[in-house]
Amino acid sequence: PAGTLRALYDIGYRQIELAGIPPGHTAASLRALLDEVGIRAYSGHDGWDVNNFDEAGYRAQLERAVTLGQAQTGFAWFPGPYTEAFFGVVAGQLNRAAAIAREYGLRFFYHNHDFEFTNRRADGRPVYTVLLEETDPKRVFFQMDFMWINFGGGPWRQLLTAMPQRFISFHVKDQSPEAAPGCNCDIFADPGQGVVPLEEMIATAGKTRNKRFVVERDSQVHPLTTARIGYEFLRSL
């Protein structure tokens with residue numbers, strides 16, 4: 001972790017988003033390392049079992065997030081079922097989690113993949129719309145993953161235009177030209193090197209203030225190469 005953080009600092013990063021704490025570290029020791037290097041863990045993915053919302057366990061995660069210096073905390077994935085009814089259950093949990101996160105001074109967001117758009121409600125709309133409609137707009141915000149919403153055929157332009165205030169951060173991730181559902185291939189690409197219209201998406205998202213753009217590639221082929229390419233791509237914009 002120390003070498004990785006220093007390498008990210010040398011590339012130019014001053015903020016990162018966490019998805020867990022590296023083995024061998026506590027929140028306090030990782031915070032000390034972050035402070036030493038000069039990088040802030042601005043946000044992180046902290047979650048729960050959707051079949052059993054453990055409030056005590058979730059609060060423990062939020063306490064770690066505060067120790068780490070996070071300003072935002074997000075919920076990023078659940079195993080299904082991806083039905084309209086169960087999305088209603090999850091929406092209730094998001095409201096509950098956001099209220100708890102606010103107690104800790106943290107802004108809460110939900111991070112999408114593709115299943116929120118490939119699965120549909122009875123009226124044909126994506127099940128993602130359940131979360132938009134049934135969560136508190138003053139407490140539950142969203143982190144749009146550009147690659148996954150594009151891959152799932154989601155209406156990203158419509159969402160960013162209709163409700164820009166609900167989307168507070170974005171994963172800048174690209175898709176391989178060979179990617180297709182079920183293909184035996186690496187569907188990901190480094191930012192700016194694939195087929196996702198990232199420049200247009202970023203321009204649309206950035207029309208309102210205080211947005212954060214997080215470089216990511218799910219297939220970690222050469223992580224620091226991805227980090228450098230992603231940083232340079234965003235700086236070029």
# chains A, B, ... in the order shown; residues from 1 in each chain; ligands from 1
call {"tool": "closest_atom_pairs", "arguments": {"of": "region 33-114 of chain A", "to": "region 135-138 of chain A", "cutoff": "9 Å", "atoms": "only C-alpha atoms", "output": "Markdown table"}}
result
| residue | atom | partner | partner_atom | distance |
| --- | --- | --- | --- | --- |
| A:Ala91 | CA | A:Thr135 | CA | 5.8 |
| A:Gly92 | CA | A:Thr135 | CA | 7.1 |
| A:Leu94 | CA | A:Thr135 | CA | 7.0 |
| A:Asn95 | CA | A:Thr135 | CA | 5.7 |
| A:Ala98 | CA | A:Asp136 | CA | 8.7 |
call {"tool": "write_last_selection", "arguments": {"atoms": "C-alpha atoms", "output": "PDB file, in the first residue's frame"}}
result
ATOM      1  CA  ALA A  91     -34.434   1.641  -1.730  1.00  0.00           C
ATOM      2  CA  GLY A  92     -35.678   1.477   1.854  1.00  0.00           C
ATOM      3  CA  LEU A  94     -30.561   3.140   1.117  1.00  0.00           C
ATOM      4  CA  ASN A  95     -32.772   5.654   2.903  1.00  0.00           C
ATOM      5  CA  ALA A  98     -28.119   7.566   4.259  1.00  0.00           C
TER       6      ALA A  98
END
call {"tool": "residues_around", "arguments": {"residues": "Leu234 (chain A)", "least_positions_apart": "4", "cutoff": "12 Å", "atoms": "only C-alpha atoms", "output": "PyMOL selection string"}}
result
chain A and resi 12-13+171-173+190-192+198-199+202-203+212-216+227-230
call {"tool": "residues_around", "arguments": {"residues": "region 28-38 of chain A", "least_positions_apart": "4", "cutoff": "7 Å", "atoms": "only C-alpha atoms", "output": "number ranges by chain"}}
result
A: 2, 5-6, 14, 67-68
call {"tool": "residues_around", "arguments": {"residues": "Glu178 (chain A)", "least_positions_apart": "3", "cutoff": "12 Å", "atoms": "only C-alpha atoms", "output": "MDAnalysis selection string"}}
result
chainID A and resid 174:175 181:189 194:195
call {"tool": "write_last_selection", "arguments": {"atoms": "N, CA, C and O atoms", "output": "PDB file, in the first residue's frame"}}
result
ATOM      1  N   ASP A 174     -13.636   2.754 -19.184  1.00  0.00           N
ATOM      2  CA  ASP A 174     -13.905   2.580 -20.614  1.00  0.00           C
ATOM      3  C   ASP A 174     -14.170   1.117 -20.948  1.00  0.00           C
ATOM      4  O   ASP A 174     -13.899   0.219 -20.138  1.00  0.00           O
ATOM      5  N   GLN A 175     -14.685   0.908 -22.152  1.00  0.00           N
ATOM      6  CA  GLN A 175     -15.120  -0.415 -22.606  1.00  0.00           C
ATOM      7  C   GLN A 175     -14.376  -0.803 -23.870  1.00  0.00           C
ATOM      8  O   GLN A 175     -14.245  -0.004 -24.793  1.00  0.00           O
ATOM      9  N   PRO A 181     -22.036  -8.698 -24.214  1.00  0.00           N
ATOM     10  CA  PRO A 181     -22.534  -9.556 -23.129  1.00  0.00           C
ATOM     11  C   PRO A 181     -22.186 -11.024 -23.377  1.00  0.00           C
ATOM     12  O   PRO A 181     -22.465 -11.582 -24.440  1.00  0.00           O
ATOM     13  N   GLY A 182     -21.535 -11.638 -22.385  1.00  0.00           N
ATOM     14  CA  GLY A 182     -21.203 -13.053 -22.477  1.00  0.00           C
ATOM     15  C   GLY A 182     -19.936 -13.370 -23.243  1.00  0.00           C
ATOM     16  O   GLY A 182     -19.583 -14.545 -23.396  1.00  0.00           O
ATOM     17  N   CYS A 183     -19.222 -12.353 -23.718  1.00  0.00           N
ATOM     18  CA  CYS A 183     -18.016 -12.638 -24.497  1.00  0.00           C
ATOM     19  C   CYS A 183     -16.905 -13.146 -23.588  1.00  0.00           C
ATOM     20  O   CYS A 183     -16.814 -12.780 -22.427  1.00  0.00           O
ATOM     21  N   ASN A 184     -16.065 -13.994 -24.144  1.00  0.00           N
ATOM     22  CA  ASN A 184     -14.914 -14.510 -23.405  1.00  0.00           C
ATOM     23  C   ASN A 184     -13.734 -13.589 -23.666  1.00  0.00           C
ATOM     24  O   ASN A 184     -12.782 -13.927 -24.359  1.00  0.00           O
ATOM     25  N   CYS A 185     -13.829 -12.372 -23.112  1.00  0.00           N
ATOM     26  CA  CYS A 185     -12.807 -11.367 -23.379  1.00  0.00           C
ATOM     27  C   CYS A 185     -12.783 -10.368 -22.240  1.00  0.00           C
ATOM     28  O   CYS A 185     -13.681 -10.352 -21.394  1.00  0.00           O
ATOM     29  N   ASP A 186     -11.744  -9.552 -22.231  1.00  0.00           N
ATOM     30  CA  ASP A 186     -11.666  -8.456 -21.277  1.00  0.00           C
ATOM     31  C   ASP A 186     -12.526  -7.331 -21.822  1.00  0.00           C
ATOM     32  O   ASP A 186     -12.209  -6.735 -22.849  1.00  0.00           O
ATOM     33  N   ILE A 187     -13.634  -7.048 -21.155  1.00  0.00           N
ATOM     34  CA  ILE A 187     -14.575  -6.052 -21.676  1.00  0.00           C
ATOM     35  C   ILE A 187     -14.156  -4.617 -21.341  1.00  0.00           C
ATOM     36  O   ILE A 187     -14.791  -3.664 -21.782  1.00  0.00           O
ATOM     37  N   PHE A 188     -13.083  -4.461 -20.570  1.00  0.00           N
ATOM     38  CA  PHE A 188     -12.689  -3.136 -20.108  1.00  0.00           C
ATOM     39  C   PHE A 188     -11.520  -2.574 -20.908  1.00  0.00           C
ATOM     40  O   PHE A 188     -10.777  -3.300 -21.571  1.00  0.00           O
ATOM     41  N   ALA A 189     -11.381  -1.258 -20.836  1.00  0.00           N
ATOM     42  CA  ALA A 189     -10.250  -0.556 -21.456  1.00  0.00           C
ATOM     43  C   ALA A 189      -9.871   0.593 -20.542  1.00  0.00           C
ATOM     44  O   ALA A 189     -10.652   1.028 -19.697  1.00  0.00           O
ATOM     45  N   GLY A 194     -11.263   3.349 -25.236  1.00  0.00           N
ATOM     46  CA  GLY A 194     -12.317   2.427 -25.623  1.00  0.00           C
ATOM     47  C   GLY A 194     -13.443   3.128 -26.361  1.00  0.00           C
ATOM     48  O   GLY A 194     -13.230   4.159 -27.009  1.00  0.00           O
ATOM     49  N   VAL A 195     -14.658   2.569 -26.224  1.00  0.00           N
ATOM     50  CA  VAL A 195     -15.789   3.036 -27.033  1.00  0.00           C
ATOM     51  C   VAL A 195     -16.810   3.839 -26.230  1.00  0.00           C
ATOM     52  O   VAL A 195     -17.785   4.335 -26.801  1.00  0.00           O
TER      53      VAL A 195
END
call {"tool": "residues_around", "arguments": {"residues": "Leu18 (chain A)", "least_positions_apart": "4", "cutoff": "7 Å", "atoms": "only C-alpha atoms", "output": "VMD selection string"}}
result
chain A and resid 41 43 to 45
call {"tool": "write_last_selection", "arguments": {"atoms": "N, CA and C atoms", "output": "short mmCIF file (atom, residue, chain, number, x, y, z; two decimals), in the first residue's frame"}}
result
data_model
loop_
_atom_site.label_atom_id
_atom_site.label_comp_id
_atom_site.auth_asym_id
_atom_site.auth_seq_id
_atom_site.Cartn_x
_atom_site.Cartn_y
_atom_site.Cartn_z
N ALA A 41 -8.28 10.01 1.32
CA ALA A 41 -9.32 9.05 0.93
C ALA A 41 -10.65 9.79 1.02
N SER A 43 -13.51 9.35 -0.53
CA SER A 43 -14.72 8.55 -0.51
C SER A 43 -14.36 7.08 -0.41
N GLY A 44 -15.37 6.26 -0.15
CA GLY A 44 -15.16 4.82 -0.05
C GLY A 44 -16.45 4.07 -0.25
N HIS A 45 -16.32 2.78 -0.59
CA HIS A 45 -17.49 1.92 -0.73
C HIS A 45 -17.62 1.09 0.56
#
call {"tool": "select_by_dssp", "arguments": {"residues": "region 108-203 of chain A", "states": "helix (DSSP H, G or I)", "output": "JSON, numbers by chain"}}
result
{"A": [115, 116, 117, 118, 128, 129, 130, 131, 132, 133, 134, 146, 147, 148, 149, 150, 151, 156, 157, 158, 159, 160, 161, 162, 164, 165, 166, 198, 199, 200, 201, 202, 203]}
call {"tool": "closest_residue", "arguments": {"among": "A:Leu237, A:Leu131, A:Ile39, A:Ala85", "to": "Glu200 (chain A)", "atoms": "only C-alpha atoms"}}
result
A:Leu237
call {"tool": "residues_around", "arguments": {"residues": "region 108-124 of chain A", "least_positions_apart": "2", "cutoff": "7 Å", "atoms": "only C-alpha atoms", "output": "PyMOL selection string"}}
result
chain A and resi 72-76+82+84+98+101+106+126-128+139-145+148-149+151-154
call {"tool": "closest_residue", "arguments": {"among": "A:Thr204, A:Gln193, A:Asn52, A:Gln70", "to": "Phe170 (chain A)", "atoms": "only C-alpha atoms"}}
result
A:Thr204
call {"tool": "closest_residue", "arguments": {"among": "A:Leu160, A:Val89, A:Gly24, A:Thr83", "to": "Phe53 (chain A)", "atoms": "only C-alpha atoms"}}
result
A:Val89
call {"tool": "select_by_dssp", "arguments": {"residues": "region 2-85 of chain A", "states": "strand (DSSP E or B)", "output": "PyMOL selection string"}}
result
chain A and resi 15-18+40-45+49+52+72-75
